[in-house]
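J.: Mind looking over this structure? Questions follow.
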Amino acid sequence: MSAPYSSKEWLFDDPETIYATDLYSGVDDDAAGIEVFTDDVDLTEYTNAEVDVKFAGSNATDDLYLSIYKRNDSNWSGNEQRWKSRITIENDGTETEYHYTIPMVYGSGHYRFGFVRSGSTTTFELLVSVIKSRTWNRLRTI
């Protein structure tokens, strides 16, 4: 008798960096009062992605807002509306890690993340990385 089960194929052995500020050896801008955006995450061939966000706030005054954007192609204009509700990530002033999964049910497309502070005081250093994967079904014999 056979029963289906799912398995994952990981695209990268190591995470791919899609945004990094100078604290994390990158050249991207710190997140402050103007929203900053990650590189494009192409999920047209892969079905889901694991996204890790490491950040350090200059103080504990403001939280970090995360927004998710989606398009059919990678021609980002910066005028897209958020695809999902804004997520508030609490900031206690210490280096913090946050994890987000883009699940298969979100569908094929191009994604990117936006970051901005919740108030007017804190500046955030960011490191955002992604691992893409593909899910498929197999049959196994029981």
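How things are named: the first chain in the structure tokens is A, the next is B, and so on; residues count from 1 in each chain; ligands count from 1 in the order shown.
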Within 8 Å of stretch 97-103 of chain A, which residues of stretch 27-76 of chain A show up? Give each one with its shortest atom-to-atom distance in Å (one decimal) and the two atoms involved, counting only C-alpha atoms, rows by chain then rising residue number, as JSON lines.
T.:
{"residue": "A:Thr47", "atom": "CA", "partner": "A:Pro103", "partner_atom": "CA", "distance": 7.3}
{"residue": "A:Asn48", "atom": "CA", "partner": "A:Pro103", "partner_atom": "CA", "distance": 4.9}
{"residue": "A:Ala49", "atom": "CA", "partner": "A:Ile102", "partner_atom": "CA", "distance": 5.1}
{"residue": "A:Glu50", "atom": "CA", "partner": "A:Thr101", "partner_atom": "CA", "distance": 4.7}
{"residue": "A:Val51", "atom": "CA", "partner": "A:Tyr100", "partner_atom": "CA", "distance": 5.1}
{"residue": "A:Asp52", "atom": "CA", "partner": "A:His99", "partner_atom": "CA", "distance": 4.7}
{"residue": "A:Val53", "atom": "CA", "partner": "A:Tyr98", "partner_atom": "CA", "distance": 5.0}
{"residue": "A:Lys54", "atom": "CA", "partner": "A:Glu97", "partner_atom": "CA", "distance": 4.4}
{"residue": "A:Phe55", "atom": "CA", "partner": "A:Glu97", "partner_atom": "CA", "distance": 6.5}
J.: Can you spit out the residues from that selection as an mmCIF file, in the first residue's frame, using N, CA and C atoms?
T.:
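Saved result, again07.cif, follows:
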data_model
loop_
_atom_site.group_PDB
_atom_site.id
_atom_site.type_symbol
_atom_site.label_atom_id
_atom_site.label_comp_id
_atom_site.auth_asym_id
_atom_site.auth_seq_id
_atom_site.Cartn_x
_atom_site.Cartn_y
_atom_site.Cartn_z
ATOM 1 N N THR A 47 8.920 26.834 -4.153
ATOM 2 C CA THR A 47 7.573 26.971 -3.604
ATOM 3 C C THR A 47 7.493 27.680 -2.271
ATOM 4 N N ASN A 48 8.576 27.782 -1.552
ATOM 5 C CA ASN A 48 8.533 28.462 -0.270
ATOM 6 C C ASN A 48 9.938 28.934 0.107
ATOM 7 N N ALA A 49 9.982 29.769 1.146
ATOM 8 C CA ALA A 49 11.262 30.319 1.571
ATOM 9 C C ALA A 49 11.254 30.546 3.074
ATOM 10 N N GLU A 50 12.421 30.362 3.661
ATOM 11 C CA GLU A 50 12.630 30.640 5.075
ATOM 12 C C GLU A 50 13.451 31.921 5.149
ATOM 13 N N VAL A 51 12.917 32.951 5.807
ATOM 14 C CA VAL A 51 13.565 34.253 5.860
ATOM 15 C C VAL A 51 13.969 34.556 7.301
ATOM 16 N N ASP A 52 15.241 34.859 7.498
ATOM 17 C CA ASP A 52 15.753 35.224 8.815
ATOM 18 C C ASP A 52 16.115 36.703 8.820
ATOM 19 N N VAL A 53 15.660 37.397 9.864
ATOM 20 C CA VAL A 53 15.931 38.818 10.039
ATOM 21 C C VAL A 53 16.679 38.987 11.353
ATOM 22 N N LYS A 54 17.896 39.530 11.277
ATOM 23 C CA LYS A 54 18.648 39.876 12.482
ATOM 24 C C LYS A 54 18.719 41.390 12.502
ATOM 25 N N PHE A 55 18.421 41.997 13.658
ATOM 26 C CA PHE A 55 18.473 43.449 13.719
ATOM 27 C C PHE A 55 18.960 43.921 15.080
#
J.: Env of stretch 114-116 of chain A: 7 Å cut, atoms = only C-alpha atoms, seq-sep filter 5 positions within chain, self excluded. Answer as a count of residues only.
T.: 13
J.: Please determine, counting only C-alpha atoms, which residue among A:Gly26, A:Gly57, A:Pro15, A:Gly78 has the shortest atom-to-atom distance to A:Ser118.
T.: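 Using only C-alpha atoms, the shortest distance to A:Ser118 belongs to A:Gly57.
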J.: Among the residues of chain A, find those DSSP assigns to helix (DSSP H, G or I) from the backbone and print them as a ChimeraX atom specification.
T.: /A:22-24,104-106
J.: Write the residues of the preceding selection, restricted to C-alpha atoms, as a short mmCIF file (atom, residue, chain, number, x, y, z; two decimals), in the first residue's frame.
T.:
data_model
loop_
_atom_site.label_atom_id
_atom_site.label_comp_id
_atom_site.auth_asym_id
_atom_site.auth_seq_id
_atom_site.Cartn_x
_atom_site.Cartn_y
_atom_site.Cartn_z
CA ASP A 22 27.31 48.11 7.71
CA LEU A 23 27.09 46.46 11.16
CA TYR A 24 26.66 43.16 9.28
CA MET A 104 3.59 27.44 -0.54
CA VAL A 105 0.01 28.75 -0.18
CA TYR A 106 1.25 32.32 -0.89
#
J.: With only C-alpha atoms as the basis for distance, which of A:Trp83, A:Trp76, A:Tyr69, A:Tyr46 is at the shortest distance from A:Phe113?
T.: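 Of A:Trp83, A:Trp76, A:Tyr69, A:Tyr46, the one nearest A:Phe113 is A:Tyr69, counting only C-alpha atoms.
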J.: Which residue gives the smallest distance to A:Asn72 among A:Ala56, A:Leu126, A:Ile87, A:Leu43, with only C-alpha atoms counted?
T.: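 Nearest to A:Asn72: A:Leu43.
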J.: May I ask which of the residues A:Ile131, A:Glu90, A:Tyr19, A:Gln81 is the closest one to A:Asp63, counting only C-alpha atoms?
T.: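 Ranked by minimum distance to A:Asp63, first place goes to A:Glu90.
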J.: Run DSSP on the backbone and tell me which residues of chain A come out as strand (DSSP E or B); list them as JSON, numbers by chain.
T.: {"A": [2, 3, 4, 5, 6, 7, 8, 9, 10, 16, 17, 18, 19, 20, 31, 36, 37, 41, 42, 43, 48, 49, 50, 51, 52, 53, 54, 55, 56, 57, 64, 65, 66, 67, 68, 69, 70, 71, 87, 88, 89, 96, 97, 98, 99, 100, 101, 102, 109, 110, 111, 112, 113, 114, 115, 116, 117, 124, 125, 126, 127, 128, 129, 130, 131, 132, 133, 134, 135, 136, 137, 138, 139, 140, 141]}
J.: So that I can check the surroundings of A:Gly109, please list as a JSON list (two decimals) with C-alpha atoms, in the first residue's frame every protein, DNA and RNA residue that reaches within 8 Å of it, counting only C-alpha atoms and ignoring chain neighbours fewer than 4 positions away.
T.:
[["chain", "number", "residue", "atom", "x", "y", "z"],
["A", 42, "ASP", "CA", 12.19, 34.82, -6.85],
["A", 43, "LEU", "CA", 9.73, 32.05, -6.00],
["A", 44, "THR", "CA", 8.64, 31.25, -9.53],
["A", 70, "LYS", "CA", 4.52, 40.52, -4.02],
["A", 71, "ARG", "CA", 4.61, 40.90, -7.81],
["A", 72, "ASN", "CA", 4.40, 38.64, -10.86],
["A", 73, "ASP", "CA", 7.80, 39.91, -12.04]]
J.: Identify which of the residues A:Glu45, A:Glu95, A:Arg86, A:Thr122 lies closest to A:Gly107, counting only C-alpha atoms when measuring atom-to-atom distances.
T.: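 For A:Gly107, the nearest of the candidates is A:Glu45.
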